[in-house]
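The structure appears right after this line, and notes come after that.
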Protein chains: 4
Amino acid sequence: MKDKLEHKDRIYFEVRDYECDIQGIVNNAVYQNYLEHARHQFIKSRGLDFAEITKQGIYLVLIKAELDYKRSLQGGDSFYIHTAIERVSKLKLNFLQAVHHSDNDQLILTAKMTVTSTTKEGKSIVDHLVAS
Amino acid sequence: MKDKLEHKDRIYFEVRDYECDIQGIVNNAVYQNYLEHARHQFIKSRGLDFAEITKQGIYLVLIKAELDYKRSLQGGDSFYIHTAIERVSKLKLNFLQAVHHSDNDQLILTAKMTVTSTTKEGKSIVDHLVAS
Amino acid sequence: MKDKLEHKDRIYFEVRDYECDIQGIVNNAVYQNYLEHARHQFIKSRGLDFAEITKQGIYLVLIKAELDYKRSLQGGDSFYIHTAIERVSKLKLNFLQAVHHSDNDQLILTAKMTVTSTTKEGKSIVDHLVAS
Amino acid sequence: MKDKLEHKDRIYFEVRDYECDIQGIVNNAVYQNYLEHARHQFIKSRGLDFAEITKQGIYLVLIKAELDYKRSLQGGDSFYIHTAIERVSKLKLNFLQAVHHSDNDQLILTAKMTVTSTTKEGKSIVDHLVAS
């Protein structure tokens, strides 16, 4: 995965108790929330805003999600998410994301999230994200 | 995918407005909630209970999730989820799941969710699910 | 509360495992989701659609929520929600809601949710809901 | 409310896009999540841990929630929550909470959340929280 990383970013989180389920660990679906937030922060760090882009009628749509769950997180755990992107085609790109525990850098989860623009106008967005 | 289906099940849902996001469609992460519920109902239909299994110290853990998003659902939409399983190894199995719109049977999403038991005792659970 | 009930409605739910937290019971916040869904269904049963109303620029806004938690629900529990309304003023109304366990009709929660329209146009909506 | 405040605490949040609904604002139920997290952080700042307390068989249970929604928050907004407590009786206390926008200190929401311990052993927890 490393060779394909064109950009690196890291944002920090802390698990909230309400995100944990009966097993006392973060529910599987909640990681998709975390990852979405990390992608939107990534986009913001490149000078764009997801809600703004949407308002302009340019939809960035998730078409494929692949998540590999390695370890689990518990309430109160601190962790960070790395986000990088690689272009797949004119209108399509992959977000390559990894969740690590903050205390010991243990790998919690890796994900490849494929996003496409549904309109030609999205090309400039993809261009901008890949170039910056 | 059809050849690999060993079991078929279907449960029905209706999208609730709070499950939709700014774009007015069901948030990507919410599908993982739906799919988890469908898997637990599948297990229940085979005479087992996820919470009970967990209490007995047998953990069924999601280790890989692959979701292909084809179309989106909106508030008020009715849909159903098919769940089937295939054995991967002694302690591991795949849940093959598909979300369809109820009105026109259009395919919304397919998913392959790989689950493993973390203890040898889980083998009998996997045996039971695959056999029934 | 009974005297004030002008309308009665009942919708049925089943607790999903992902709605439960570390204590193995439905998380407190999730009841607000349930109650919102019941209110939107109530509105729908009167021939209106919450999303449609919103698109027309008429915002029905929750300004006060009072919830009394009596008992808790667990994964797999079946329950129903009664919803009734009472008018407070021209643009304001209370949703009086009660959650009961389906098996034994035990009271789980009561709620008074005060909603107001932020525009004069909302008066006809309030009129319609109270009259029907 | 000020006179009753025996303790003051503040924690900071940022609205994540997935917490917003069709109206583009934070969904009403999500505030209960925020408030719960703030209460658990408050407890932690007094040297206690909610999950630990629960494991010891001492349940702190929310029995009443009163929320006054004044203004709404949008995706990306920064805000903070003040939490204070007042004792109601031997085993019961109120969390008095207020949500403010970080940019202009505008009041977004106030809440009074009544919590009780369901076992006598909880008295020492309540004593500790009120005294510290």
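Residues in the structure tokens are named by chain (A, B, ... in the order shown) and by number from 1 within that chain; ligands are numbered from 1 in the order shown.
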
Report the closest atom pair, with its distance in Å rounded to one decimal, for each residue of chain A that has an atom no farther than 9 Å from chain D; count only C-alpha atoms, sort by chain and then rising residue number, and write it as a Markdown table.
```
| residue | atom | partner | partner_atom | distance |
| --- | --- | --- | --- | --- |
| A:Arg16 | CA | D:His37 | CA | 6.2 |
| A:Asp17 | CA | D:His37 | CA | 6.9 |
| A:Tyr18 | CA | D:Asn33 | CA | 6.7 |
| A:Gly24 | CA | D:Ala51 | CA | 8.9 |
| A:Asn33 | CA | D:Tyr18 | CA | 6.7 |
| A:Glu36 | CA | D:Tyr18 | CA | 7.8 |
| A:His37 | CA | D:Arg16 | CA | 6.2 |
| A:His40 | CA | D:Asp17 | CA | 8.1 |
| A:Phe50 | CA | D:Asp17 | CA | 8.7 |
| A:Ala51 | CA | D:Gly75 | CA | 8.0 |
| A:Gly75 | CA | D:Ala51 | CA | 8.0 |
```

- DSSP-assigned helix (DSSP H, G or I) among chain C, expressed as a ChimeraX atom specification: /C:2-4,17-19,28-45,50-55,122-131

Output C-alpha atoms for every residue in the selection just made, as a short mmCIF file (atom, residue, chain, number, x, y, z; two decimals), in the first residue's frame.
```cif
data_model
loop_
_atom_site.label_atom_id
_atom_site.label_comp_id
_atom_site.auth_asym_id
_atom_site.auth_seq_id
_atom_site.Cartn_x
_atom_site.Cartn_y
_atom_site.Cartn_z
CA LYS C 2 -54.74 10.93 28.90
CA ASP C 3 -57.15 13.87 28.94
CA LYS C 4 -54.89 15.83 26.71
CA ASP C 17 -28.43 -5.13 18.53
CA TYR C 18 -26.44 -2.15 17.22
CA GLU C 19 -28.79 0.18 19.12
CA ASN C 28 -30.70 6.72 25.83
CA ALA C 29 -30.17 8.76 22.69
CA VAL C 30 -31.60 6.04 20.45
CA TYR C 31 -35.07 6.62 21.94
CA GLN C 32 -35.03 10.07 20.36
CA ASN C 33 -34.48 8.38 17.01
CA TYR C 34 -37.41 6.05 17.62
CA LEU C 35 -39.63 8.93 18.73
CA GLU C 36 -38.71 11.05 15.71
CA HIS C 37 -39.56 8.18 13.40
CA ALA C 38 -42.91 7.72 15.17
CA ARG C 39 -43.69 11.44 14.77
CA HIS C 40 -42.85 11.36 11.07
CA GLN C 41 -45.06 8.29 10.64
CA PHE C 42 -47.82 10.10 12.52
CA ILE C 43 -47.51 13.05 10.13
CA LYS C 44 -47.50 10.67 7.15
CA SER C 45 -50.68 9.00 8.42
CA PHE C 50 -41.92 15.57 6.66
CA ALA C 51 -39.30 15.76 3.89
CA GLU C 52 -41.84 17.34 1.53
CA ILE C 53 -42.88 19.93 4.09
CA THR C 54 -39.22 20.80 4.63
CA LYS C 55 -38.62 21.17 0.88
CA GLY C 122 -46.73 26.38 9.13
CA LYS C 123 -50.07 27.33 10.68
CA SER C 124 -51.99 25.34 8.07
CA ILE C 125 -49.83 22.30 8.82
CA VAL C 126 -50.55 22.61 12.53
CA ASP C 127 -54.26 23.17 11.79
CA HIS C 128 -54.32 20.06 9.63
CA LEU C 129 -52.53 17.85 12.16
CA VAL C 130 -54.72 18.92 15.05
CA ALA C 131 -57.96 18.62 13.10
#
```

- Message: Neighbouring residues of Tyr69 of chain A were defined as those with any atom within 7 Å, considering only C-alpha atoms; residues of the same chain fewer than 6 positions away were excluded. Please report them as a PyMOL selection string.
- Response: (chain A and resi 108-110) or (chain B and resi 62-64)

Could you please take those selected residues and save C-alpha atoms as an mmCIF file, in the first residue's frame?
```cif
data_model
loop_
_atom_site.group_PDB
_atom_site.id
_atom_site.type_symbol
_atom_site.label_atom_id
_atom_site.label_comp_id
_atom_site.auth_asym_id
_atom_site.auth_seq_id
_atom_site.Cartn_x
_atom_site.Cartn_y
_atom_site.Cartn_z
ATOM 1 C CA ILE A 108 -6.597 -1.341 14.011
ATOM 2 C CA LEU A 109 -8.048 -1.235 10.507
ATOM 3 C CA THR A 110 -7.165 -0.563 6.890
ATOM 4 C CA LEU B 62 -16.080 -9.368 11.501
ATOM 5 C CA ILE B 63 -12.614 -9.365 9.940
ATOM 6 C CA LYS B 64 -13.366 -8.129 6.437
#
```

Fit result for chain D on chain A over all paired C-alpha atoms, given as a tab-separated table (two decimals) with N, CA and C atoms, in the first residue's frame:
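Contents of part-v2.tsv, as written:
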```
chain	number	residue	atom	x	y	z
D	1	MET	N	1.17	-0.99	0.05
D	1	MET	CA	0.27	0.17	0.02
D	1	MET	C	1.08	1.46	-0.02
D	2	LYS	N	2.26	1.43	0.59
D	2	LYS	CA	3.04	2.66	0.73
D	2	LYS	C	3.37	3.32	-0.61
D	3	ASP	N	3.74	2.49	-1.59
D	3	ASP	CA	4.15	3.05	-2.88
D	3	ASP	C	3.05	3.86	-3.54
D	4	LYS	N	1.83	3.43	-3.26
D	4	LYS	CA	0.71	4.09	-3.91
D	4	LYS	C	0.28	5.37	-3.20
D	5	LEU	N	0.77	5.58	-2.02
D	5	LEU	CA	0.36	6.77	-1.27
D	5	LEU	C	0.93	8.02	-1.92
D	6	GLU	N	0.06	8.88	-2.37
D	6	GLU	CA	0.52	10.12	-2.95
D	6	GLU	C	0.42	11.26	-1.95
D	7	HIS	N	-0.43	11.09	-0.96
D	7	HIS	CA	-0.65	12.14	0.04
D	7	HIS	C	-0.81	11.51	1.41
D	8	LYS	N	-0.37	12.19	2.40
D	8	LYS	CA	-0.56	11.66	3.75
D	8	LYS	C	-1.19	12.69	4.67
D	9	ASP	N	-2.10	12.22	5.47
D	9	ASP	CA	-2.77	13.07	6.45
D	9	ASP	C	-3.14	12.23	7.65
D	10	ARG	N	-3.24	12.90	8.75
D	10	ARG	CA	-3.52	12.21	9.98
D	10	ARG	C	-4.49	13.05	10.82
D	11	ILE	N	-5.58	12.48	11.28
D	11	ILE	CA	-6.40	13.21	12.24
D	11	ILE	C	-6.67	12.33	13.46
D	12	TYR	N	-6.92	12.98	14.58
D	12	TYR	CA	-6.99	12.30	15.87
D	12	TYR	C	-8.42	12.22	16.41
D	13	PHE	N	-8.72	11.09	17.04
D	13	PHE	CA	-10.04	10.86	17.60
D	13	PHE	C	-9.89	10.24	18.99
D	14	GLU	N	-11.01	10.27	19.71
D	14	GLU	CA	-11.10	9.51	20.95
D	14	GLU	C	-12.43	8.78	20.93
D	15	VAL	N	-12.43	7.49	21.24
D	15	VAL	CA	-13.67	6.71	21.23
D	15	VAL	C	-14.62	7.22	22.31
D	16	ARG	N	-15.86	7.44	21.91
D	16	ARG	CA	-16.88	7.86	22.89
D	16	ARG	C	-17.68	6.61	23.27
D	17	ASP	N	-18.10	6.55	24.55
D	17	ASP	CA	-18.78	5.34	25.04
D	17	ASP	C	-19.99	4.94	24.20
D	18	TYR	N	-20.72	5.94	23.67
D	18	TYR	CA	-21.94	5.60	22.93
D	18	TYR	C	-21.63	4.95	21.58
D	19	GLU	N	-20.37	4.94	21.19
D	19	GLU	CA	-19.97	4.30	19.94
D	19	GLU	C	-19.67	2.81	20.12
D	20	CYS	N	-19.73	2.34	21.36
D	20	CYS	CA	-19.42	0.94	21.66
D	20	CYS	C	-20.72	0.14	21.78
D	21	ASP	N	-20.61	-1.14	21.47
D	21	ASP	CA	-21.80	-1.99	21.55
D	21	ASP	C	-21.73	-2.98	22.70
D	22	ILE	N	-22.62	-3.96	22.68
D	22	ILE	CA	-22.73	-4.91	23.79
D	22	ILE	C	-21.39	-5.56	24.13
D	23	GLN	N	-20.56	-5.78	23.11
D	23	GLN	CA	-19.27	-6.43	23.34
D	23	GLN	C	-18.26	-5.47	24.01
D	24	GLY	N	-18.67	-4.21	24.20
D	24	GLY	CA	-17.78	-3.24	24.85
D	24	GLY	C	-16.75	-2.65	23.92
D	25	ILE	N	-16.89	-2.91	22.62
D	25	ILE	CA	-15.94	-2.40	21.64
D	25	ILE	C	-16.67	-1.55	20.60
D	26	VAL	N	-15.90	-0.75	19.88
D	26	VAL	CA	-16.50	0.11	18.86
D	26	VAL	C	-17.23	-0.75	17.83
D	27	ASN	N	-18.48	-0.42	17.56
D	27	ASN	CA	-19.28	-1.17	16.59
D	27	ASN	C	-18.69	-1.02	15.19
D	28	ASN	N	-18.72	-2.13	14.43
D	28	ASN	CA	-18.11	-2.15	13.09
D	28	ASN	C	-18.55	-0.99	12.19
D	29	ALA	N	-19.82	-0.63	12.25
D	29	ALA	CA	-20.34	0.42	11.38
D	29	ALA	C	-19.77	1.79	11.73
D	30	VAL	N	-19.43	1.98	13.00
D	30	VAL	CA	-18.94	3.28	13.46
D	30	VAL	C	-17.62	3.65	12.77
D	31	TYR	N	-16.82	2.63	12.43
D	31	TYR	CA	-15.57	2.92	11.73
D	31	TYR	C	-15.83	3.62	10.40
D	32	GLN	N	-16.93	3.27	9.76
D	32	GLN	CA	-17.24	3.96	8.49
D	32	GLN	C	-17.54	5.43	8.76
D	33	ASN	N	-18.16	5.73	9.89
D	33	ASN	CA	-18.35	7.14	10.26
D	33	ASN	C	-17.01	7.84	10.43
D	34	TYR	N	-16.13	7.21	11.21
D	34	TYR	CA	-14.80	7.79	11.44
D	34	TYR	C	-14.09	8.05	10.10
D	35	LEU	N	-14.13	7.04	9.23
D	35	LEU	CA	-13.40	7.13	7.97
D	35	LEU	C	-13.98	8.24	7.09
D	36	GLU	N	-15.32	8.37	7.09
D	36	GLU	CA	-15.94	9.44	6.31
D	36	GLU	C	-15.49	10.79	6.82
D	37	HIS	N	-15.49	10.94	8.15
D	37	HIS	CA	-15.06	12.22	8.72
D	37	HIS	C	-13.61	12.52	8.32
D	38	ALA	N	-12.75	11.50	8.36
D	38	ALA	CA	-11.35	11.69	7.98
D	38	ALA	C	-11.23	12.09	6.51
D	39	ARG	N	-12.05	11.50	5.65
D	39	ARG	CA	-12.01	11.88	4.23
D	39	ARG	C	-12.46	13.34	4.03
D	40	HIS	N	-13.51	13.72	4.74
D	40	HIS	CA	-13.99	15.10	4.60
D	40	HIS	C	-12.96	16.11	5.14
D	41	GLN	N	-12.25	15.72	6.20
D	41	GLN	CA	-11.19	16.58	6.73
D	41	GLN	C	-10.03	16.66	5.74
D	42	PHE	N	-9.74	15.54	5.08
D	42	PHE	CA	-8.70	15.50	4.06
D	42	PHE	C	-9.05	16.48	2.93
D	43	ILE	N	-10.29	16.41	2.48
D	43	ILE	CA	-10.76	17.31	1.41
D	43	ILE	C	-10.67	18.76	1.85
D	44	LYS	N	-11.06	18.99	3.10
D	44	LYS	CA	-11.01	20.36	3.65
D	44	LYS	C	-9.58	20.88	3.70
D	45	SER	N	-8.64	19.99	4.04
D	45	SER	CA	-7.23	20.40	4.12
D	45	SER	C	-6.68	20.78	2.75
D	46	ARG	N	-7.38	20.37	1.70
D	46	ARG	CA	-6.99	20.74	0.32
D	46	ARG	C	-7.82	21.93	-0.16
D	47	GLY	N	-8.46	22.62	0.79
D	47	GLY	CA	-9.15	23.85	0.43
D	47	GLY	C	-10.56	23.66	-0.11
D	48	LEU	N	-11.09	22.46	-0.02
D	48	LEU	CA	-12.45	22.20	-0.51
D	48	LEU	C	-13.36	21.81	0.66
D	49	ASP	N	-14.65	21.93	0.45
D	49	ASP	CA	-15.61	21.58	1.49
D	49	ASP	C	-16.65	20.64	0.91
D	50	PHE	N	-16.82	19.48	1.55
D	50	PHE	CA	-17.71	18.47	1.00
D	50	PHE	C	-19.14	18.99	0.82
D	51	ALA	N	-19.66	19.69	1.83
D	51	ALA	CA	-21.03	20.20	1.74
D	51	ALA	C	-21.15	21.22	0.61
D	52	GLU	N	-20.14	22.06	0.46
D	52	GLU	CA	-20.13	23.07	-0.62
D	52	GLU	C	-20.14	22.41	-1.99
D	53	ILE	N	-19.26	21.41	-2.15
D	53	ILE	CA	-19.17	20.68	-3.42
D	53	ILE	C	-20.53	20.09	-3.77
D	54	THR	N	-21.18	19.51	-2.77
D	54	THR	CA	-22.49	18.90	-2.97
D	54	THR	C	-23.51	19.95	-3.40
D	55	LYS	N	-23.49	21.11	-2.75
D	55	LYS	CA	-24.42	22.20	-3.09
D	55	LYS	C	-24.26	22.64	-4.53
D	56	GLN	N	-23.02	22.58	-5.02
D	56	GLN	CA	-22.74	22.97	-6.41
D	56	GLN	C	-23.22	21.91	-7.40
D	57	GLY	N	-23.78	20.83	-6.89
D	57	GLY	CA	-24.30	19.79	-7.77
D	57	GLY	C	-23.25	18.76	-8.19
D	58	ILE	N	-22.09	18.81	-7.56
D	58	ILE	CA	-21.06	17.81	-7.86
D	58	ILE	C	-21.07	16.76	-6.76
D	59	TYR	N	-21.54	15.57	-7.12
D	59	TYR	CA	-21.64	14.53	-6.11
D	59	TYR	C	-20.41	13.62	-6.15
D	60	LEU	N	-19.76	13.50	-4.99
D	60	LEU	CA	-18.70	12.52	-4.83
D	60	LEU	C	-19.34	11.33	-4.12
D	61	VAL	N	-19.41	10.22	-4.81
D	61	VAL	CA	-20.19	9.10	-4.31
D	61	VAL	C	-19.30	7.90	-4.00
D	62	LEU	N	-19.50	7.30	-2.84
D	62	LEU	CA	-18.78	6.09	-2.49
D	62	LEU	C	-19.38	4.93	-3.27
D	63	ILE	N	-18.56	4.23	-4.06
D	63	ILE	CA	-19.11	3.11	-4.81
D	63	ILE	C	-18.59	1.75	-4.31
D	64	LYS	N	-17.48	1.79	-3.59
D	64	LYS	CA	-16.96	0.53	-3.06
D	64	LYS	C	-16.22	0.79	-1.75
D	65	ALA	N	-16.47	-0.05	-0.79
D	65	ALA	CA	-15.78	0.04	0.50
D	65	ALA	C	-15.19	-1.30	0.84
D	66	GLU	N	-13.91	-1.31	1.13
D	66	GLU	CA	-13.25	-2.54	1.59
D	66	GLU	C	-12.57	-2.24	2.91
D	67	LEU	N	-13.00	-2.93	3.96
D	67	LEU	CA	-12.44	-2.68	5.29
D	67	LEU	C	-11.88	-3.97	5.86
D	68	ASP	N	-10.64	-3.90	6.32
D	68	ASP	CA	-10.02	-5.04	7.00
D	68	ASP	C	-9.86	-4.71	8.48
D	69	TYR	N	-10.64	-5.43	9.29
D	69	TYR	CA	-10.62	-5.20	10.73
D	69	TYR	C	-9.53	-6.06	11.36
D	70	LYS	N	-8.52	-5.43	11.97
D	70	LYS	CA	-7.38	-6.16	12.54
D	70	LYS	C	-7.52	-6.32	14.06
D	71	ARG	N	-7.86	-5.23	14.72
D	71	ARG	CA	-8.02	-5.23	16.18
D	71	ARG	C	-9.20	-4.33	16.51
D	72	SER	N	-9.63	-4.35	17.76
D	72	SER	CA	-10.78	-3.51	18.11
D	72	SER	C	-10.38	-2.38	19.05
D	73	LEU	N	-11.20	-1.36	19.07
D	73	LEU	CA	-11.02	-0.21	19.96
D	73	LEU	C	-12.11	-0.24	21.03
D	74	GLN	N	-11.76	0.29	22.20
D	74	GLN	CA	-12.71	0.37	23.31
D	74	GLN	C	-12.99	1.83	23.70
D	75	GLY	N	-14.01	2.02	24.52
D	75	GLY	CA	-14.35	3.35	25.02
D	75	GLY	C	-13.13	4.03	25.64
D	76	GLY	N	-12.90	5.30	25.29
D	76	GLY	CA	-11.79	6.04	25.86
D	76	GLY	C	-10.50	5.91	25.08
D	77	ASP	N	-10.39	4.92	24.19
D	77	ASP	CA	-9.17	4.74	23.40
D	77	ASP	C	-8.92	5.95	22.49
D	78	SER	N	-7.67	6.33	22.36
D	78	SER	CA	-7.26	7.38	21.43
D	78	SER	C	-6.71	6.72	20.17
D	79	PHE	N	-7.06	7.28	19.03
D	79	PHE	CA	-6.55	6.70	17.78
D	79	PHE	C	-6.44	7.79	16.73
D	80	TYR	N	-5.72	7.45	15.67
D	80	TYR	CA	-5.60	8.42	14.57
D	80	TYR	C	-5.84	7.71	13.26
D	81	ILE	N	-6.26	8.47	12.26
D	81	ILE	CA	-6.51	7.93	10.92
D	81	ILE	C	-5.62	8.63	9.92
D	82	HIS	N	-4.90	7.82	9.16
D	82	HIS	CA	-4.10	8.29	8.02
D	82	HIS	C	-4.98	8.21	6.77
D	83	THR	N	-5.00	9.23	5.98
D	83	THR	CA	-5.74	9.15	4.73
D	83	THR	C	-4.82	9.55	3.57
D	84	ALA	N	-4.87	8.77	2.50
D	84	ALA	CA	-4.09	9.08	1.31
D	84	ALA	C	-4.99	8.80	0.11
D	85	ILE	N	-4.63	9.34	-1.06
D	85	ILE	CA	-5.45	9.05	-2.23
D	85	ILE	C	-4.60	8.58	-3.40
D	86	GLU	N	-5.23	7.83	-4.27
D	86	GLU	CA	-4.62	7.44	-5.53
D	86	GLU	C	-5.71	7.54	-6.60
D	87	ARG	N	-5.33	8.04	-7.75
D	87	ARG	CA	-6.31	8.18	-8.83
D	87	ARG	C	-6.52	6.82	-9.50
D	88	VAL	N	-7.76	6.54	-9.85
D	88	VAL	CA	-8.08	5.29	-10.54
D	88	VAL	C	-8.38	5.58	-12.01
D	89	SER	N	-9.13	6.64	-12.23
D	89	SER	CA	-9.44	7.06	-13.59
D	89	SER	C	-9.81	8.54	-13.54
D	90	LYS	N	-10.29	9.06	-14.67
D	90	LYS	CA	-10.56	10.49	-14.76
D	90	LYS	C	-11.45	10.99	-13.61
D	91	LEU	N	-12.50	10.25	-13.33
D	91	LEU	CA	-13.49	10.70	-12.34
D	91	LEU	C	-13.47	9.88	-11.05
D	92	LYS	N	-12.53	8.96	-10.95
D	92	LYS	CA	-12.58	8.01	-9.84
D	92	LYS	C	-11.27	8.02	-9.05
D	93	LEU	N	-11.38	7.89	-7.73
D	93	LEU	CA	-10.17	7.78	-6.92
D	93	LEU	C	-10.40	6.89	-5.71
D	94	ASN	N	-9.30	6.36	-5.21
D	94	ASN	CA	-9.34	5.55	-3.99
D	94	ASN	C	-8.81	6.36	-2.81
D	95	PHE	N	-9.53	6.29	-1.71
D	95	PHE	CA	-8.99	6.79	-0.45
D	95	PHE	C	-8.41	5.57	0.26
D	96	LEU	N	-7.14	5.65	0.59
D	96	LEU	CA	-6.48	4.57	1.32
D	96	LEU	C	-6.35	5.04	2.76
D	97	GLN	N	-7.00	4.33	3.66
D	97	GLN	CA	-7.08	4.82	5.03
D	97	GLN	C	-6.63	3.74	6.02
D	98	ALA	N	-6.00	4.20	7.07
D	98	ALA	CA	-5.56	3.26	8.11
D	98	ALA	C	-5.82	3.87	9.48
D	99	VAL	N	-6.36	3.05	10.37
D	99	VAL	CA	-6.63	3.46	11.74
D	99	VAL	C	-5.58	2.84	12.65
D	100	HIS	N	-4.92	3.66	13.46
D	100	HIS	CA	-3.92	3.18	14.41
D	100	HIS	C	-4.26	3.64	15.82
D	101	HIS	N	-3.96	2.79	16.79
D	101	HIS	CA	-4.08	3.18	18.19
D	101	HIS	C	-3.00	4.21	18.49
D	102	SER	N	-3.36	5.25	19.24
D	102	SER	CA	-2.38	6.32	19.51
D	102	SER	C	-1.29	5.90	20.49
D	103	ASP	N	-1.62	5.05	21.43
D	103	ASP	CA	-0.66	4.71	22.48
D	103	ASP	C	0.53	3.91	21.95
D	104	ASN	N	0.23	2.95	21.07
D	104	ASN	CA	1.29	2.02	20.65
D	104	ASN	C	1.40	1.89	19.14
D	105	ASP	N	0.66	2.72	18.41
D	105	ASP	CA	0.67	2.68	16.95
D	105	ASP	C	0.22	1.36	16.35
D	106	GLN	N	-0.41	0.53	17.13
D	106	GLN	CA	-0.93	-0.74	16.59
D	106	GLN	C	-1.97	-0.47	15.52
D	107	LEU	N	-1.92	-1.29	14.49
D	107	LEU	CA	-2.87	-1.15	13.39
D	107	LEU	C	-4.22	-1.74	13.80
D	108	ILE	N	-5.27	-0.94	13.66
D	108	ILE	CA	-6.62	-1.37	14.02
D	108	ILE	C	-7.40	-1.79	12.78
D	109	LEU	N	-7.24	-1.05	11.71
D	109	LEU	CA	-8.07	-1.27	10.51
D	109	LEU	C	-7.43	-0.60	9.30
D	110	THR	N	-7.54	-1.26	8.15
D	110	THR	CA	-7.19	-0.59	6.90
D	110	THR	C	-8.42	-0.58	6.00
D	111	ALA	N	-8.49	0.43	5.16
D	111	ALA	CA	-9.65	0.54	4.28
D	111	ALA	C	-9.26	1.12	2.93
D	112	LYS	N	-9.92	0.62	1.90
D	112	LYS	CA	-9.81	1.23	0.57
D	112	LYS	C	-11.22	1.63	0.17
D	113	MET	N	-11.43	2.93	0.04
D	113	MET	CA	-12.76	3.45	-0.24
D	113	MET	C	-12.72	4.11	-1.62
D	114	THR	N	-13.49	3.55	-2.56
D	114	THR	CA	-13.49	4.06	-3.93
D	114	THR	C	-14.63	5.05	-4.13
D	115	VAL	N	-14.25	6.23	-4.57
D	115	VAL	CA	-15.21	7.32	-4.73
D	115	VAL	C	-15.19	7.77	-6.18
D	116	THR	N	-16.37	8.08	-6.71
D	116	THR	CA	-16.40	8.59	-8.08
D	116	THR	C	-17.27	9.83	-8.13
D	117	SER	N	-16.99	10.70	-9.08
D	117	SER	CA	-17.88	11.82	-9.32
D	117	SER	C	-18.90	11.37	-10.35
D	118	THR	N	-20.14	11.78	-10.15
D	118	THR	CA	-21.20	11.34	-11.06
D	118	THR	C	-21.42	12.35	-12.19
D	119	THR	N	-20.65	13.43	-12.16
D	119	THR	CA	-20.78	14.43	-13.23
D	119	THR	C	-19.39	14.81	-13.72
D	120	LYS	N	-19.30	15.18	-15.01
D	120	LYS	CA	-18.02	15.58	-15.62
D	120	LYS	C	-17.34	16.69	-14.84
D	121	GLU	N	-18.16	17.57	-14.24
D	121	GLU	CA	-17.60	18.70	-13.50
D	121	GLU	C	-16.72	18.24	-12.34
D	122	GLY	N	-16.93	16.99	-11.92
D	122	GLY	CA	-16.15	16.47	-10.81
D	122	GLY	C	-14.69	16.26	-11.17
D	123	LYS	N	-14.37	16.23	-12.47
D	123	LYS	CA	-12.98	15.98	-12.87
D	123	LYS	C	-12.01	16.99	-12.25
D	124	SER	N	-12.41	18.27	-12.21
D	124	SER	CA	-11.52	19.29	-11.65
D	124	SER	C	-11.30	19.08	-10.16
D	125	ILE	N	-12.32	18.55	-9.49
D	125	ILE	CA	-12.18	18.23	-8.06
D	125	ILE	C	-11.15	17.11	-7.89
D	126	VAL	N	-11.31	16.06	-8.70
D	126	VAL	CA	-10.37	14.94	-8.62
D	126	VAL	C	-8.96	15.42	-8.98
D	127	ASP	N	-8.85	16.21	-10.04
D	127	ASP	CA	-7.54	16.78	-10.42
D	127	ASP	C	-6.91	17.50	-9.23
D	128	HIS	N	-7.72	18.36	-8.61
D	128	HIS	CA	-7.22	19.18	-7.51
D	128	HIS	C	-6.75	18.33	-6.34
D	129	LEU	N	-7.54	17.31	-5.99
D	129	LEU	CA	-7.20	16.47	-4.84
D	129	LEU	C	-5.93	15.68	-5.09
D	130	VAL	N	-5.78	15.17	-6.29
D	130	VAL	CA	-4.62	14.35	-6.62
D	130	VAL	C	-3.34	15.20	-6.71
D	131	ALA	N	-3.50	16.43	-7.20
D	131	ALA	CA	-2.34	17.28	-7.43
D	131	ALA	C	-1.81	17.92	-6.15
D	132	SER	N	-2.68	18.17	-5.19
D	132	SER	CA	-2.26	18.97	-4.04
D	132	SER	C	-1.60	18.11	-2.97
```

- Task: List every residue of segment 80-121 of chain B that DSSP, applied to the backbone, labels as strand (DSSP E or B), and write the result as a PyMOL selection string.
- Result: chain B and resi 80-89+92-101+107-117
